[in-house]
file work_31.cif (mmCIF, N, CA and C atoms)
data_target
#
loop_
_atom_site.label_atom_id
_atom_site.label_comp_id
_atom_site.auth_asym_id
_atom_site.auth_seq_id
_atom_site.Cartn_x
_atom_site.Cartn_y
_atom_site.Cartn_z
N TRP N 1 -78.34 -39.60 -7.98
CA TRP N 1 -77.74 -40.52 -7.05
C TRP N 1 -76.22 -40.54 -7.23
N LEU N 2 -75.76 -40.73 -8.44
CA LEU N 2 -74.32 -40.80 -8.69
C LEU N 2 -73.61 -39.51 -8.27
N ASP N 3 -74.26 -38.38 -8.47
CA ASP N 3 -73.65 -37.09 -8.14
C ASP N 3 -74.05 -36.61 -6.74
N GLY N 4 -74.54 -37.52 -5.91
CA GLY N 4 -74.89 -37.16 -4.55
C GLY N 4 -76.32 -36.70 -4.37
N GLY N 5 -77.12 -36.78 -5.43
CA GLY N 5 -78.52 -36.37 -5.33
C GLY N 5 -79.39 -37.46 -4.73
N GLU N 6 -80.59 -37.08 -4.44
CA GLU N 6 -81.58 -37.98 -3.86
C GLU N 6 -82.16 -38.89 -4.96
N THR N 7 -82.46 -40.13 -4.60
CA THR N 7 -83.11 -41.05 -5.53
C THR N 7 -84.59 -41.06 -5.22
N ASN N 8 -85.40 -40.56 -6.17
CA ASN N 8 -86.84 -40.58 -6.03
C ASN N 8 -87.49 -40.46 -7.40
N LEU N 9 -88.80 -40.62 -7.47
CA LEU N 9 -89.50 -40.57 -8.75
C LEU N 9 -89.41 -39.20 -9.41
N ALA N 10 -89.31 -38.16 -8.65
CA ALA N 10 -89.27 -36.81 -9.21
C ALA N 10 -88.00 -36.54 -10.02
N ASN N 11 -86.91 -37.24 -9.72
CA ASN N 11 -85.67 -36.99 -10.46
C ASN N 11 -85.18 -38.23 -11.20
N SER N 12 -86.12 -39.07 -11.62
CA SER N 12 -85.74 -40.28 -12.34
C SER N 12 -86.45 -40.33 -13.69
N ALA N 13 -85.96 -41.18 -14.55
CA ALA N 13 -86.56 -41.34 -15.88
C ALA N 13 -86.46 -42.81 -16.29
N LEU N 14 -87.47 -43.28 -16.96
CA LEU N 14 -87.45 -44.62 -17.51
C LEU N 14 -86.93 -44.51 -18.94
N LEU N 15 -85.73 -45.02 -19.18
CA LEU N 15 -85.10 -44.92 -20.49
C LEU N 15 -84.94 -46.30 -21.11
N CYS N 16 -85.06 -46.37 -22.42
CA CYS N 16 -84.76 -47.61 -23.12
C CYS N 16 -83.25 -47.85 -23.02
N GLU N 17 -82.81 -49.04 -23.37
CA GLU N 17 -81.39 -49.38 -23.25
C GLU N 17 -80.50 -48.43 -24.06
N ARG N 18 -80.94 -48.11 -25.27
CA ARG N 18 -80.14 -47.22 -26.13
C ARG N 18 -79.93 -45.85 -25.48
N HIS N 19 -80.99 -45.25 -24.97
CA HIS N 19 -80.86 -43.92 -24.38
C HIS N 19 -80.21 -43.97 -23.00
N HIS N 20 -80.39 -45.04 -22.26
CA HIS N 20 -79.70 -45.20 -20.98
C HIS N 20 -78.19 -45.24 -21.22
N THR N 21 -77.77 -45.95 -22.26
CA THR N 21 -76.34 -46.02 -22.60
C THR N 21 -75.80 -44.65 -22.96
N LYS N 22 -76.58 -43.86 -23.68
CA LYS N 22 -76.13 -42.51 -24.05
C LYS N 22 -75.84 -41.66 -22.81
N VAL N 23 -76.66 -41.79 -21.78
CA VAL N 23 -76.43 -41.04 -20.54
C VAL N 23 -75.07 -41.40 -19.96
N HIS N 24 -74.67 -42.66 -20.05
CA HIS N 24 -73.37 -43.08 -19.54
C HIS N 24 -72.22 -42.67 -20.45
N HIS N 25 -72.55 -42.15 -21.63
CA HIS N 25 -71.52 -41.66 -22.55
C HIS N 25 -71.55 -40.14 -22.67
N GLY N 26 -72.06 -39.46 -21.64
CA GLY N 26 -71.96 -38.01 -21.59
C GLY N 26 -73.19 -37.23 -21.97
N PHE N 27 -74.23 -37.88 -22.48
CA PHE N 27 -75.46 -37.15 -22.77
C PHE N 27 -76.15 -36.83 -21.44
N ARG N 28 -76.94 -35.75 -21.43
CA ARG N 28 -77.61 -35.35 -20.19
C ARG N 28 -79.09 -35.11 -20.49
N VAL N 29 -79.94 -35.58 -19.62
CA VAL N 29 -81.38 -35.32 -19.73
C VAL N 29 -81.86 -34.64 -18.46
N GLU N 30 -82.84 -33.77 -18.62
CA GLU N 30 -83.37 -33.02 -17.48
C GLU N 30 -84.87 -32.81 -17.70
N ARG N 31 -85.63 -33.06 -16.66
CA ARG N 31 -87.07 -32.82 -16.74
C ARG N 31 -87.36 -31.39 -16.29
N ARG N 32 -88.09 -30.67 -17.13
CA ARG N 32 -88.47 -29.30 -16.80
C ARG N 32 -89.63 -29.30 -15.81
N PRO N 33 -89.87 -28.19 -15.14
CA PRO N 33 -90.99 -28.13 -14.19
C PRO N 33 -92.34 -28.44 -14.82
N ASP N 34 -92.48 -28.16 -16.13
CA ASP N 34 -93.75 -28.45 -16.80
C ASP N 34 -93.87 -29.91 -17.22
N GLY N 35 -92.86 -30.74 -16.88
CA GLY N 35 -92.91 -32.17 -17.18
C GLY N 35 -92.25 -32.56 -18.50
N ARG N 36 -91.90 -31.59 -19.32
CA ARG N 36 -91.24 -31.89 -20.59
C ARG N 36 -89.76 -32.13 -20.34
N TRP N 37 -89.08 -32.75 -21.31
CA TRP N 37 -87.68 -33.14 -21.17
C TRP N 37 -86.79 -32.29 -22.05
N ARG N 38 -85.56 -32.06 -21.59
CA ARG N 38 -84.50 -31.42 -22.37
C ARG N 38 -83.33 -32.40 -22.41
N THR N 39 -82.62 -32.41 -23.53
CA THR N 39 -81.50 -33.34 -23.71
C THR N 39 -80.32 -32.59 -24.30
N TRP N 40 -79.11 -32.90 -23.80
CA TRP N 40 -77.89 -32.27 -24.30
C TRP N 40 -76.89 -33.32 -24.74
N ARG N 41 -76.16 -33.00 -25.79
CA ARG N 41 -75.05 -33.84 -26.26
C ARG N 41 -73.86 -33.67 -25.31
N PRO N 42 -72.88 -34.56 -25.39
CA PRO N 42 -71.69 -34.42 -24.53
C PRO N 42 -70.96 -33.09 -24.69
N ASP N 43 -71.06 -32.46 -25.88
CA ASP N 43 -70.37 -31.17 -26.07
C ASP N 43 -71.17 -29.99 -25.52
N GLY N 44 -72.34 -30.27 -24.92
CA GLY N 44 -73.14 -29.23 -24.30
C GLY N 44 -74.22 -28.64 -25.16
N THR N 45 -74.29 -29.02 -26.45
CA THR N 45 -75.35 -28.49 -27.30
C THR N 45 -76.66 -29.21 -27.00
N GLU N 46 -77.72 -28.42 -26.93
CA GLU N 46 -79.03 -29.00 -26.64
C GLU N 46 -79.60 -29.65 -27.90
N ILE N 47 -80.23 -30.79 -27.73
CA ILE N 47 -80.91 -31.47 -28.83
C ILE N 47 -82.34 -30.97 -28.82
N SER N 48 -82.71 -30.24 -29.85
CA SER N 48 -84.05 -29.66 -29.92
C SER N 48 -84.93 -30.53 -30.81
N VAL N 49 -86.12 -30.77 -30.33
CA VAL N 49 -87.11 -31.52 -31.10
C VAL N 49 -88.23 -30.55 -31.42
N PRO N 50 -88.51 -30.35 -32.73
CA PRO N 50 -89.57 -29.40 -33.07
C PRO N 50 -90.91 -29.86 -32.51
N ARG N 51 -91.68 -28.90 -32.04
CA ARG N 51 -93.02 -29.22 -31.54
C ARG N 51 -93.92 -29.53 -32.73
N HIS N 52 -94.76 -30.51 -32.55
CA HIS N 52 -95.70 -30.87 -33.61
C HIS N 52 -96.85 -29.87 -33.63
N LEU N 53 -97.12 -29.35 -34.78
CA LEU N 53 -98.21 -28.39 -34.92
C LEU N 53 -99.48 -29.12 -35.32
N ALA N 54 -100.60 -28.57 -34.94
CA ALA N 54 -101.89 -29.15 -35.33
C ALA N 54 -102.05 -29.01 -36.84
N PRO N 55 -102.67 -29.99 -37.48
CA PRO N 55 -102.89 -29.88 -38.93
C PRO N 55 -103.71 -28.63 -39.28
N ALA N 56 -103.41 -28.05 -40.42
CA ALA N 56 -104.15 -26.87 -40.87
C ALA N 56 -105.59 -27.26 -41.17
N ALA N 57 -106.49 -26.35 -40.90
CA ALA N 57 -107.93 -26.64 -41.12
C ALA N 57 -108.31 -26.43 -42.57
#

call {"tool": "encode", "arguments": {"input": "work_31.cif", "output": "structure tokens"}}
result
Amino acid sequence: WLDGGETNLANSALLCERHHTKVHHGFRVERRPDGRWRTWRPDGTEISVPRHLAPAA
């Protein structure tokens, strides 16, 4: 919306106050086509979260 985009559920996110504030301080979030999220710091580096592996049998 702010950058001229459409406002709809497909391009929106429900963020807690802390993470909403980060977006206003230069952090960027993006939903991938598979529904997962990507997040970048203001300097452009991506914040990677390791995937949780299933416990060993």

call {"tool": "atom_distance", "arguments": {"input": "work_31.cif", "atom1": "atom N of Arg38 of chain N", "atom2": "atom CA of Gly4 of chain N"}}
result
20.7 Å

call {"tool": "atom_distance", "arguments": {"input": "work_31.cif", "atom1": "atom N of Arg18 of chain N", "atom2": "atom CA of Thr39 of chain N"}}
result
14.9 Å

call {"tool": "atom_distance", "arguments": {"input": "work_31.cif", "atom1": "atom CA of Ala56 of chain N", "atom2": "atom CA of Arg32 of chain N"}}
result
28.8 Å

call {"tool": "axis_aligned_box", "arguments": {"input": "work_31.cif", "around": "segment 6-24 of chain N", "padding_each_side": "3 Å", "output": "JSON"}}
result
{"center_x": -80.9, "center_y": -43.0, "center_z": -15.0, "size_x": 23.3, "size_y": 18.8, "size_z": 28.3}

call {"tool": "residues_around", "arguments": {"input": "work_31.cif", "residues": "Trp40 of chain N", "least_positions_apart": "2", "cutoff": "6.5 Å", "atoms": "only N, CA and C atoms", "output": "list in words"}}
result
Gly26, Phe27, Arg28, Val29, Glu30, Arg38, Pro42, Asp43, Gly44, Thr45, Glu46 and Ile47 of chain N

call {"tool": "select_by_dssp", "arguments": {"input": "work_31.cif", "residues": "chain N", "states": "alpha helix (DSSP H)", "output": "mmCIF file with N, CA and C atoms, keeping the file's coordinate frame"}}
result
data_model
loop_
_atom_site.group_PDB
_atom_site.id
_atom_site.type_symbol
_atom_site.label_atom_id
_atom_site.label_comp_id
_atom_site.auth_asym_id
_atom_site.auth_seq_id
_atom_site.Cartn_x
_atom_site.Cartn_y
_atom_site.Cartn_z
ATOM 1 N N GLU N 17 -82.810 -49.040 -23.370
ATOM 2 C CA GLU N 17 -81.390 -49.380 -23.250
ATOM 3 C C GLU N 17 -80.500 -48.430 -24.060
ATOM 4 N N ARG N 18 -80.940 -48.110 -25.270
ATOM 5 C CA ARG N 18 -80.140 -47.220 -26.130
ATOM 6 C C ARG N 18 -79.930 -45.850 -25.480
ATOM 7 N N HIS N 19 -80.990 -45.250 -24.970
ATOM 8 C CA HIS N 19 -80.860 -43.920 -24.380
ATOM 9 C C HIS N 19 -80.210 -43.970 -23.000
ATOM 10 N N HIS N 20 -80.390 -45.040 -22.260
ATOM 11 C CA HIS N 20 -79.700 -45.200 -20.980
ATOM 12 C C HIS N 20 -78.190 -45.240 -21.220
ATOM 13 N N THR N 21 -77.770 -45.950 -22.260
ATOM 14 C CA THR N 21 -76.340 -46.020 -22.600
ATOM 15 C C THR N 21 -75.800 -44.650 -22.960
ATOM 16 N N LYS N 22 -76.580 -43.860 -23.680
ATOM 17 C CA LYS N 22 -76.130 -42.510 -24.050
ATOM 18 C C LYS N 22 -75.840 -41.660 -22.810
ATOM 19 N N VAL N 23 -76.660 -41.790 -21.780
ATOM 20 C CA VAL N 23 -76.430 -41.040 -20.540
ATOM 21 C C VAL N 23 -75.070 -41.400 -19.960
ATOM 22 N N HIS N 24 -74.670 -42.660 -20.050
ATOM 23 C CA HIS N 24 -73.370 -43.080 -19.540
ATOM 24 C C HIS N 24 -72.220 -42.670 -20.450
#
